[in-house]
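Heads up, final_8.pdb below (PDB, C-alpha atoms):
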```pdb
ATOM      1  CA  MET U 128      65.578 129.539 205.215  1.00  0.00           C
ATOM      2  CA  LYS U 129      69.206 128.764 204.377  1.00  0.00           C
ATOM      3  CA  ASP U 130      68.328 125.463 202.667  1.00  0.00           C
ATOM      4  CA  VAL U 131      65.600 127.154 200.613  1.00  0.00           C
ATOM      5  CA  ILE U 132      68.165 129.587 199.180  1.00  0.00           C
ATOM      6  CA  THR U 133      71.172 127.269 198.824  1.00  0.00           C
ATOM      7  CA  SER U 134      69.028 124.645 197.081  1.00  0.00           C
ATOM      8  CA  PHE U 135      68.686 127.014 194.110  1.00  0.00           C
ATOM      9  CA  ARG U 136      72.474 127.220 193.876  1.00  0.00           C
ATOM     10  CA  ASP U 137      72.882 123.461 194.184  1.00  0.00           C
ATOM     11  CA  THR U 138      70.149 122.862 191.593  1.00  0.00           C
ATOM     12  CA  LEU U 139      71.975 125.027 189.067  1.00  0.00           C
ATOM     13  CA  LYS U 140      75.215 123.209 189.915  1.00  0.00           C
ATOM     14  CA  LEU U 141      73.595 119.857 189.061  1.00  0.00           C
ATOM     15  CA  TYR U 142      73.065 121.003 185.489  1.00  0.00           C
ATOM     16  CA  SER U 143      76.829 121.447 185.081  1.00  0.00           C
ATOM     17  CA  GLN U 144      77.705 118.230 186.941  1.00  0.00           C
ATOM     18  CA  ASP U 145      75.494 115.896 184.908  1.00  0.00           C
ATOM     19  CA  LYS U 146      74.957 116.870 181.282  1.00  0.00           C
ATOM     20  CA  TRP U 147      72.169 114.298 180.940  1.00  0.00           C
ATOM     21  CA  ILE U 148      70.114 116.117 183.567  1.00  0.00           C
ATOM     22  CA  LEU U 149      70.245 119.207 181.378  1.00  0.00           C
ATOM     23  CA  VAL U 150      69.458 117.255 178.196  1.00  0.00           C
ATOM     24  CA  ILE U 151      66.545 115.332 179.739  1.00  0.00           C
ATOM     25  CA  SER U 152      65.206 118.551 181.299  1.00  0.00           C
ATOM     26  CA  PHE U 153      64.613 119.878 177.807  1.00  0.00           C
ATOM     27  CA  ILE U 154      62.304 116.965 176.933  1.00  0.00           C
ATOM     28  CA  PRO U 155      59.390 118.130 179.162  1.00  0.00           C
ATOM     29  CA  VAL U 156      59.991 121.678 177.891  1.00  0.00           C
ATOM     30  CA  ILE U 157      59.856 120.567 174.239  1.00  0.00           C
ATOM     31  CA  ILE U 158      56.735 118.461 174.910  1.00  0.00           C
ATOM     32  CA  GLY U 159      55.135 121.497 176.547  1.00  0.00           C
ATOM     33  CA  ILE U 160      56.043 123.876 173.710  1.00  0.00           C
ATOM     34  CA  VAL U 161      54.685 121.497 171.047  1.00  0.00           C
ATOM     35  CA  LEU U 162      51.418 120.942 172.926  1.00  0.00           C
ATOM     36  CA  PHE U 163      51.186 124.635 173.793  1.00  0.00           C
ATOM     37  CA  ALA U 164      51.599 125.615 170.119  1.00  0.00           C
ATOM     38  CA  TYR U 165      49.139 122.970 168.891  1.00  0.00           C
ATOM     39  CA  PHE U 166      46.489 123.562 171.519  1.00  0.00           C
ATOM     40  CA  GLY U 167      46.991 127.333 171.404  1.00  0.00           C
ATOM     41  CA  SER U 168      46.499 127.353 167.649  1.00  0.00           C
ATOM     42  CA  TRP U 169      43.302 125.308 167.957  1.00  0.00           C
ATOM     43  CA  PHE U 170      41.957 127.260 170.927  1.00  0.00           C
ATOM     44  CA  ILE U 171      42.659 130.731 169.563  1.00  0.00           C
ATOM     45  CA  SER U 172      42.139 130.324 165.799  1.00  0.00           C
ATOM     46  CA  ASP U 173      39.165 127.948 165.792  1.00  0.00           C
ATOM     47  CA  LEU U 174      37.319 129.624 168.643  1.00  0.00           C
ATOM     48  CA  ASN U 175      38.013 133.035 167.121  1.00  0.00           C
ATOM     49  CA  ALA U 176      36.758 131.835 163.705  1.00  0.00           C
ATOM     50  CA  TRP U 177      33.540 130.611 165.325  1.00  0.00           C
ATOM     51  CA  GLY U 178      33.090 133.916 167.153  1.00  0.00           C
ATOM     52  CA  GLU U 179      33.932 135.936 164.047  1.00  0.00           C
ATOM     53  CA  GLY U 180      31.260 134.108 162.060  1.00  0.00           C
ATOM     54  CA  LEU U 181      28.718 134.749 164.815  1.00  0.00           C
ATOM     55  CA  ILE U 182      29.581 138.459 164.942  1.00  0.00           C
ATOM     56  CA  LYS U 183      29.295 138.873 161.157  1.00  0.00           C
ATOM     57  CA  GLU U 184      25.939 137.135 161.275  1.00  0.00           C
ATOM     58  CA  LYS U 185      24.577 139.443 163.997  1.00  0.00           C
ATOM     59  CA  PHE U 186      26.116 142.791 162.984  1.00  0.00           C
ATOM     60  CA  GLU U 187      26.098 144.354 159.514  1.00  0.00           C
ATOM     61  CA  SER U 188      28.376 147.365 160.138  1.00  0.00           C
ATOM     62  CA  SER U 189      31.990 146.574 159.127  1.00  0.00           C
ATOM     63  CA  GLY U 190      33.256 149.010 161.781  1.00  0.00           C
ATOM     64  CA  THR U 191      31.291 147.271 164.534  1.00  0.00           C
ATOM     65  CA  GLN U 192      32.372 143.875 163.217  1.00  0.00           C
ATOM     66  CA  GLY U 193      36.054 144.894 163.223  1.00  0.00           C
ATOM     67  CA  PHE U 194      35.872 146.236 166.771  1.00  0.00           C
ATOM     68  CA  LEU U 195      34.050 143.205 168.163  1.00  0.00           C
ATOM     69  CA  ILE U 196      36.325 140.735 166.354  1.00  0.00           C
ATOM     70  CA  SER U 197      39.431 142.447 167.775  1.00  0.00           C
ATOM     71  CA  LEU U 198      37.853 142.489 171.239  1.00  0.00           C
ATOM     72  CA  LEU U 199      36.951 138.793 170.946  1.00  0.00           C
ATOM     73  CA  LEU U 200      40.505 137.848 169.905  1.00  0.00           C
ATOM     74  CA  GLY U 201      41.877 139.727 172.914  1.00  0.00           C
ATOM     75  CA  ILE U 202      39.478 137.996 175.307  1.00  0.00           C
ATOM     76  CA  ILE U 203      40.212 134.550 173.858  1.00  0.00           C
ATOM     77  CA  THR U 204      43.987 135.111 174.067  1.00  0.00           C
ATOM     78  CA  ILE U 205      43.776 136.258 177.694  1.00  0.00           C
ATOM     79  CA  ALA U 206      41.497 133.330 178.524  1.00  0.00           C
ATOM     80  CA  PHE U 207      43.988 130.926 176.978  1.00  0.00           C
ATOM     81  CA  PHE U 208      46.881 132.197 179.080  1.00  0.00           C
ATOM     82  CA  PHE U 209      45.054 132.537 182.387  1.00  0.00           C
ATOM     83  CA  ILE U 210      42.401 129.809 182.353  1.00  0.00           C
ATOM     84  CA  VAL U 211      44.094 127.036 180.392  1.00  0.00           C
ATOM     85  CA  ASN U 212      47.600 127.740 181.722  1.00  0.00           C
ATOM     86  CA  TRP U 213      47.449 125.848 185.031  1.00  0.00           C
ATOM     87  CA  THR U 214      45.598 122.744 183.809  1.00  0.00           C
ATOM     88  CA  PHE U 215      47.844 122.648 180.740  1.00  0.00           C
ATOM     89  CA  VAL U 216      50.993 122.412 182.883  1.00  0.00           C
ATOM     90  CA  LEU U 217      49.410 119.582 184.858  1.00  0.00           C
ATOM     91  CA  VAL U 218      48.779 117.680 181.612  1.00  0.00           C
ATOM     92  CA  VAL U 219      52.398 118.232 180.543  1.00  0.00           C
ATOM     93  CA  SER U 220      53.586 116.974 183.931  1.00  0.00           C
ATOM     94  CA  ILE U 221      51.690 113.693 183.357  1.00  0.00           C
ATOM     95  CA  ILE U 222      53.214 113.157 179.914  1.00  0.00           C
ATOM     96  CA  ALA U 223      56.686 114.148 181.114  1.00  0.00           C
ATOM     97  CA  SER U 224      56.528 112.189 184.407  1.00  0.00           C
ATOM     98  CA  PRO U 225      58.911 109.368 183.288  1.00  0.00           C
ATOM     99  CA  PHE U 226      61.512 111.979 182.280  1.00  0.00           C
ATOM    100  CA  ASN U 227      61.023 113.900 185.528  1.00  0.00           C
ATOM    101  CA  ASP U 228      61.541 110.630 187.386  1.00  0.00           C
ATOM    102  CA  ILE U 229      64.910 110.175 185.637  1.00  0.00           C
ATOM    103  CA  ILE U 230      65.886 113.764 186.441  1.00  0.00           C
ATOM    104  CA  SER U 231      65.077 113.331 190.119  1.00  0.00           C
ATOM    105  CA  SER U 232      66.865 109.956 190.335  1.00  0.00           C
ATOM    106  CA  ARG U 233      70.066 111.205 188.692  1.00  0.00           C
ATOM    107  CA  ALA U 234      70.013 114.329 190.860  1.00  0.00           C
ATOM    108  CA  GLU U 235      69.873 112.211 194.015  1.00  0.00           C
ATOM    109  CA  LYS U 236      72.806 110.095 192.832  1.00  0.00           C
ATOM    110  CA  ALA U 237      74.836 113.243 192.152  1.00  0.00           C
ATOM    111  CA  MET U 238      73.919 114.802 195.505  1.00  0.00           C
ATOM    112  CA  ARG U 239      75.057 111.641 197.325  1.00  0.00           C
ATOM    113  CA  GLY U 240      78.301 111.517 195.376  1.00  0.00           C
ATOM    114  CA  GLU U 241      77.307 108.230 193.727  1.00  0.00           C
ATOM    115  CA  GLU U 242      77.878 107.228 190.124  1.00  0.00           C
ATOM    116  CA  PRO U 243      74.624 107.684 188.179  1.00  0.00           C
ATOM    117  CA  LEU U 244      73.280 104.903 186.006  1.00  0.00           C
ATOM    118  CA  GLY U 245      74.159 104.950 182.331  1.00  0.00           C
ATOM    119  CA  ILE U 246      71.627 106.918 180.318  1.00  0.00           C
ATOM    120  CA  GLY U 247      70.364 103.716 178.683  1.00  0.00           C
ATOM    121  CA  GLN U 248      69.881 102.088 182.084  1.00  0.00           C
ATOM    122  CA  SER U 249      68.147 105.227 183.389  1.00  0.00           C
ATOM    123  CA  PHE U 250      65.605 105.153 180.567  1.00  0.00           C
ATOM    124  CA  SER U 251      65.166 101.386 180.832  1.00  0.00           C
ATOM    125  CA  LYS U 252      64.525 101.571 184.578  1.00  0.00           C
ATOM    126  CA  SER U 253      62.167 104.543 184.334  1.00  0.00           C
ATOM    127  CA  PHE U 254      60.162 103.314 181.348  1.00  0.00           C
ATOM    128  CA  GLY U 255      60.069  99.826 182.815  1.00  0.00           C
ATOM    129  CA  LYS U 256      57.676 101.254 185.387  1.00  0.00           C
ATOM    130  CA  VAL U 257      56.149 103.862 183.063  1.00  0.00           C
ATOM    131  CA  PHE U 258      52.558 102.756 183.677  1.00  0.00           C
ATOM    132  CA  PHE U 259      53.029 102.975 187.441  1.00  0.00           C
ATOM    133  CA  THR U 260      54.724 106.386 187.123  1.00  0.00           C
ATOM    134  CA  VAL U 261      52.033 107.827 184.837  1.00  0.00           C
ATOM    135  CA  PHE U 262      49.190 106.325 186.905  1.00  0.00           C
ATOM    136  CA  ASN U 263      50.726 107.732 190.079  1.00  0.00           C
ATOM    137  CA  GLU U 264      51.078 111.105 188.365  1.00  0.00           C
ATOM    138  CA  ILE U 265      47.423 111.044 187.279  1.00  0.00           C
ATOM    139  CA  LYS U 266      46.336 110.332 190.870  1.00  0.00           C
ATOM    140  CA  LYS U 267      48.563 113.132 192.122  1.00  0.00           C
ATOM    141  CA  VAL U 268      47.284 115.597 189.511  1.00  0.00           C
ATOM    142  CA  SER U 269      43.677 114.658 190.297  1.00  0.00           C
ATOM    143  CA  MET U 270      44.274 115.402 193.963  1.00  0.00           C
ATOM    144  CA  ILE U 271      46.017 118.688 193.115  1.00  0.00           C
ATOM    145  CA  ILE U 272      43.134 119.773 190.856  1.00  0.00           C
ATOM    146  CA  PHE U 273      40.601 118.939 193.566  1.00  0.00           C
ATOM    147  CA  MET U 274      42.568 120.790 196.248  1.00  0.00           C
ATOM    148  CA  SER U 275      43.219 123.689 193.850  1.00  0.00           C
ATOM    149  CA  ILE U 276      39.464 124.116 193.366  1.00  0.00           C
ATOM    150  CA  ILE U 277      39.089 124.264 197.149  1.00  0.00           C
ATOM    151  CA  ALA U 278      41.918 126.811 197.331  1.00  0.00           C
ATOM    152  CA  LEU U 279      40.267 128.857 194.558  1.00  0.00           C
ATOM    153  CA  ILE U 280      36.952 128.909 196.437  1.00  0.00           C
ATOM    154  CA  MET U 281      38.774 129.891 199.634  1.00  0.00           C
ATOM    155  CA  GLY U 282      40.503 132.678 197.712  1.00  0.00           C
ATOM    156  CA  PHE U 283      37.149 134.375 197.104  1.00  0.00           C
ATOM    157  CA  ILE U 284      36.531 134.495 200.864  1.00  0.00           C
ATOM    158  CA  GLY U 285      38.558 137.452 202.077  1.00  0.00           C
ATOM    159  CA  ILE U 286      39.592 136.093 205.458  1.00  0.00           C
ATOM    160  CA  LEU U 287      40.594 132.726 203.934  1.00  0.00           C
ATOM    161  CA  ALA U 288      42.598 134.154 200.992  1.00  0.00           C
ATOM    162  CA  PRO U 289      46.020 133.888 202.752  1.00  0.00           C
ATOM    163  CA  LEU U 290      45.235 130.300 203.748  1.00  0.00           C
ATOM    164  CA  ALA U 291      44.317 129.529 200.130  1.00  0.00           C
ATOM    165  CA  TYR U 292      47.746 130.708 198.960  1.00  0.00           C
ATOM    166  CA  VAL U 293      49.475 128.626 201.650  1.00  0.00           C
ATOM    167  CA  LEU U 294      47.491 125.583 200.513  1.00  0.00           C
ATOM    168  CA  SER U 295      48.489 126.245 196.894  1.00  0.00           C
ATOM    169  CA  ALA U 296      52.145 126.503 197.938  1.00  0.00           C
ATOM    170  CA  PHE U 297      52.089 123.102 199.640  1.00  0.00           C
ATOM    171  CA  LEU U 298      50.228 121.535 196.725  1.00  0.00           C
ATOM    172  CA  MET U 299      52.976 122.803 194.447  1.00  0.00           C
ATOM    173  CA  ALA U 300      55.687 121.398 196.723  1.00  0.00           C
ATOM    174  CA  ILE U 301      53.935 118.024 197.001  1.00  0.00           C
ATOM    175  CA  GLY U 302      53.679 117.778 193.215  1.00  0.00           C
ATOM    176  CA  PHE U 303      57.471 117.970 192.952  1.00  0.00           C
ATOM    177  CA  LEU U 304      58.339 116.028 196.118  1.00  0.00           C
ATOM    178  CA  ASP U 305      56.305 113.031 195.038  1.00  0.00           C
ATOM    179  CA  TYR U 306      59.136 111.797 192.792  1.00  0.00           C
ATOM    180  CA  SER U 307      61.491 111.542 195.786  1.00  0.00           C
ATOM    181  CA  TRP U 308      58.778 110.092 198.029  1.00  0.00           C
ATOM    182  CA  SER U 309      57.960 107.374 195.506  1.00  0.00           C
ATOM    183  CA  ARG U 310      61.629 106.473 195.023  1.00  0.00           C
ATOM    184  CA  HIS U 311      62.058 106.073 198.787  1.00  0.00           C
ATOM    185  CA  ASP U 312      58.772 104.123 199.077  1.00  0.00           C
ATOM    186  CA  LEU U 313      57.336 106.494 201.669  1.00  0.00           C
ATOM    187  CA  SER U 314      53.868 105.630 202.934  1.00  0.00           C
ATOM    188  CA  PHE U 315      51.106 108.233 203.074  1.00  0.00           C
ATOM    189  CA  ARG U 316      51.778 108.682 206.788  1.00  0.00           C
ATOM    190  CA  ASP U 317      55.513 109.122 206.106  1.00  0.00           C
ATOM    191  CA  CYS U 318      54.747 111.753 203.459  1.00  0.00           C
ATOM    192  CA  ILE U 319      52.589 113.705 205.919  1.00  0.00           C
ATOM    193  CA  ALA U 320      55.370 113.448 208.518  1.00  0.00           C
ATOM    194  CA  ASP U 321      57.906 114.689 205.952  1.00  0.00           C
ATOM    195  CA  VAL U 322      55.755 117.739 205.148  1.00  0.00           C
ATOM    196  CA  LYS U 323      55.438 118.512 208.863  1.00  0.00           C
ATOM    197  CA  LYS U 324      59.195 118.300 209.369  1.00  0.00           C
ATOM    198  CA  GLY U 325      59.915 120.436 206.305  1.00  0.00           C
ATOM    199  CA  PHE U 326      56.912 122.704 206.828  1.00  0.00           C
ATOM    200  CA  PHE U 327      58.768 126.005 206.484  1.00  0.00           C
ATOM    201  CA  SER U 328      61.205 125.088 203.692  1.00  0.00           C
ATOM    202  CA  TYR U 329      58.603 123.224 201.629  1.00  0.00           C
ATOM    203  CA  GLY U 330      56.033 125.974 202.123  1.00  0.00           C
ATOM    204  CA  LEU U 331      58.400 128.773 201.127  1.00  0.00           C
ATOM    205  CA  GLY U 332      59.815 126.821 198.180  1.00  0.00           C
ATOM    206  CA  GLY U 333      56.287 125.984 197.043  1.00  0.00           C
ATOM    207  CA  ALA U 334      55.249 129.642 197.298  1.00  0.00           C
ATOM    208  CA  LEU U 335      58.119 130.669 195.009  1.00  0.00           C
ATOM    209  CA  PHE U 336      57.160 128.072 192.427  1.00  0.00           C
ATOM    210  CA  VAL U 337      53.470 129.051 192.583  1.00  0.00           C
ATOM    211  CA  ILE U 338      54.620 132.381 191.156  1.00  0.00           C
ATOM    212  CA  LEU U 339      56.945 130.831 188.551  1.00  0.00           C
ATOM    213  CA  MET U 340      54.424 128.215 187.434  1.00  0.00           C
ATOM    214  CA  GLY U 341      51.784 130.905 186.977  1.00  0.00           C
ATOM    215  CA  ILE U 342      53.805 132.642 184.237  1.00  0.00           C
ATOM    216  CA  PRO U 343      53.123 131.292 180.717  1.00  0.00           C
ATOM    217  CA  PHE U 344      56.179 129.699 179.018  1.00  0.00           C
ATOM    218  CA  VAL U 345      58.279 130.289 182.157  1.00  0.00           C
ATOM    219  CA  ASN U 346      56.276 127.480 183.775  1.00  0.00           C
ATOM    220  CA  LEU U 347      57.483 125.027 181.118  1.00  0.00           C
ATOM    221  CA  VAL U 348      61.113 125.676 182.086  1.00  0.00           C
ATOM    222  CA  SER U 349      60.189 125.737 185.772  1.00  0.00           C
ATOM    223  CA  LEU U 350      58.674 122.236 185.611  1.00  0.00           C
ATOM    224  CA  PRO U 351      61.937 120.213 185.376  1.00  0.00           C
ATOM    225  CA  PHE U 352      63.752 122.830 187.479  1.00  0.00           C
ATOM    226  CA  GLY U 353      61.166 122.357 190.232  1.00  0.00           C
ATOM    227  CA  VAL U 354      61.655 118.576 190.167  1.00  0.00           C
ATOM    228  CA  LEU U 355      65.393 119.100 190.653  1.00  0.00           C
ATOM    229  CA  TYR U 356      64.982 121.811 193.268  1.00  0.00           C
ATOM    230  CA  PHE U 357      62.669 119.819 195.524  1.00  0.00           C
ATOM    231  CA  THR U 358      64.817 116.696 195.119  1.00  0.00           C
ATOM    232  CA  VAL U 359      67.733 118.730 196.460  1.00  0.00           C
ATOM    233  CA  LEU U 360      65.611 120.252 199.229  1.00  0.00           C
ATOM    234  CA  PHE U 361      64.306 116.813 200.249  1.00  0.00           C
ATOM    235  CA  LEU U 362      67.816 115.318 200.408  1.00  0.00           C
ATOM    236  CA  LYS U 363      69.152 118.248 202.429  1.00  0.00           C
ATOM    237  CA  LYS U 364      66.404 117.665 204.972  1.00  0.00           C
ATOM    238  CA  VAL U 365      67.057 113.902 205.089  1.00  0.00           C
ATOM    239  CA  GLU U 366      70.804 114.380 205.523  1.00  0.00           C
ATOM    240  CA  LYS U 367      70.239 116.930 208.274  1.00  0.00           C
ATOM    241  CA  GLU U 368      67.905 114.531 210.101  1.00  0.00           C
ATOM    242  CA  GLN U 369      70.437 111.716 209.744  1.00  0.00           C
ATOM    243  CA  SER U 370      73.287 113.848 211.083  1.00  0.00           C
ATOM    244  CA  GLN U 371      71.163 114.993 214.028  1.00  0.00           C
ATOM    245  CA  GLY U 372      70.245 111.366 214.737  1.00  0.00           C
ATOM    246  CA  GLU U 373      73.893 110.371 214.728  1.00  0.00           C
ATOM    247  CA  LEU U 374      74.714 113.172 217.175  1.00  0.00           C
ATOM    248  CA  VAL U 375      71.916 112.062 219.509  1.00  0.00           C
ATOM    249  CA  ASN U 376      72.950 108.399 219.297  1.00  0.00           C
ATOM    250  CA  GLY U 377      76.601 109.317 219.722  1.00  0.00           C
TER
END
```
File written out as structure tokens:
Amino acid sequence: MKDVITSFRDTLKLYSQDKWILVISFIPVIIGIVLFAYFGSWFISDLNAWGEGLIKEKFESSGTQGFLISLLLGIITIAFFFIVNWTFVLVVSIIASPFNDIISSRAEKAMRGEEPLGIGQSFSKSFGKVFFTVFNEIKKVSMIIFMSIIALIMGFIGILAPLAYVLSAFLMAIGFLDYSWSRHDLSFRDCIADVKKGFFSYGLGGALFVILMGIPFVNLVSLPFGVLYFTVLFLKKVEKEQSQGELVNG
């Protein structure tokens, strides 16, 4: 529980320690805002125009038309925020994955007290493996979407609803932890073992971000913050395991 709380403090501290972490964190946010504005404009205006034309064709009364058009706009807007929201963030995470990789890498260097790579080297290293990073992100997102559908179905079954939320929390955590796992070349079995060892902290941290990532616009800011947060949480767990191992060996 302590690590879950202190990791928020340490994540905020990283922003002041490494200015490039803060600068690069804005890139996924800007990408998200641009796509959100573009897609939102298309989704709301074009779909509303189509619906408005259909309503005017079916109803002659201007009063009825006005009411139905306003109702349609409201429904479309709500649908955009609540249906598109989650999949949209996943798409942004794919596009922003090279930048998130840089954020996670520089955060680990700072946490270990090591000198981070120059910003040019950071971009060169990350974009040198951009196809691997993006492909890995696509695989991860595909798995998350599949498991999210299962969680959604479980959510409609009363007795399984709590389990569905727990599953969503771990899916959220895994989405952020994957950057650290990939950097440390953890195998699938090692990743499962890591989740088991950090079951409580990862689960609770994931549950908090399920809430944050479900809020439109807030989720865009939460995306790079989550990458940093789970990098910190992962390193705290690794360092604790190493110190315990040294005590046992000593």
Self-check item: Distance criterion (all atoms listed in the file): nearest to Gln248 in chain U out of U:Ile229, U:Cys318, U:Met299, U:Val345
Solution: U:Ile229
Self-check item: Close residues, Phe327 in chain U itself excluded, 12 Å, all atoms listed in the file, min 5 positions apart in chain, as a VMD selection string
Solution: chain U and resid 128 to 131 293 296 to 297 300 321 to 322 332 to 334 360 364
Practice problem: Please measure the separation of CA of Ile221 in chain U and CA of Tyr306 in chain U, giving the value in Å to one decimal. | Solution: 12.2 Å
Per-axis box centre and lengths in Å around range 161-166 of chain U, 6 Å margin per side, axis-aligned, as lines of an AutoDock Vina configuration file:
```
center_x = 50.6
center_y = 123.3
center_z = 171.3
size_x = 20.2
size_y = 16.7
size_z = 16.9
```
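Separating CA of Ile276 in chain U from CA of Leu335 in chain U is a distance of 19.8 Å.
CA of Pro351 in chain U is positioned 8.9 Å from CA of Ser231 in chain U.
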Exercise. For Leu362 in chain U, list every protein, DNA or RNA residue within 8 Å, evaluated using only C-alpha atoms, and leave out those in the same chain fewer than 3 positions away; present the list as a PyMOL selection string.
Key: chain U and resi 235+238+358-359+365-366
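Residue membership of the PyMOL selection byres ((chain U and resi 303) around 9) in the shown file amounts to Leu298, Met299, Ala300, Ile301, Gly302, Leu304, Asp305, Tyr306, Ser307, Leu350, Gly353, Val354, Leu355, Tyr356, Phe357 and Thr358 of chain U.
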Exercise. Write out as a VMD selection string the residues lying within 12 Å of Asp145 in chain U, counting all atoms listed in the file and excluding same-chain residues fewer than 6 positions away.
Key: chain U and resid 138 to 139 151 to 152 230 to 238 240 to 246
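The residue that comes closest to Leu331 in chain U, out of U:Phe186, U:Tyr292, U:Tyr142, U:Arg310 and on the basis of all atoms listed in the file, is U:Tyr292.
Using only C-alpha atoms for every distance, the candidate list U:Leu162, U:Ser269, U:Phe326, U:Ser251 yields U:Leu162 as the residue closest to Leu347 in chain U.
Minimum atom-to-atom distances from U:Lys183, U:Ile157, U:Ser143, U:Ile202 to Phe344 in chain U were compared using only C-alpha atoms, and the lowest value belongs to U:Ile157.
When all atoms listed in the file are used to compute distances to Gly201 in chain U, the closest of the residues U:Lys185, U:Tyr165, U:Val218, U:Ser172 turns out to be U:Ser172.
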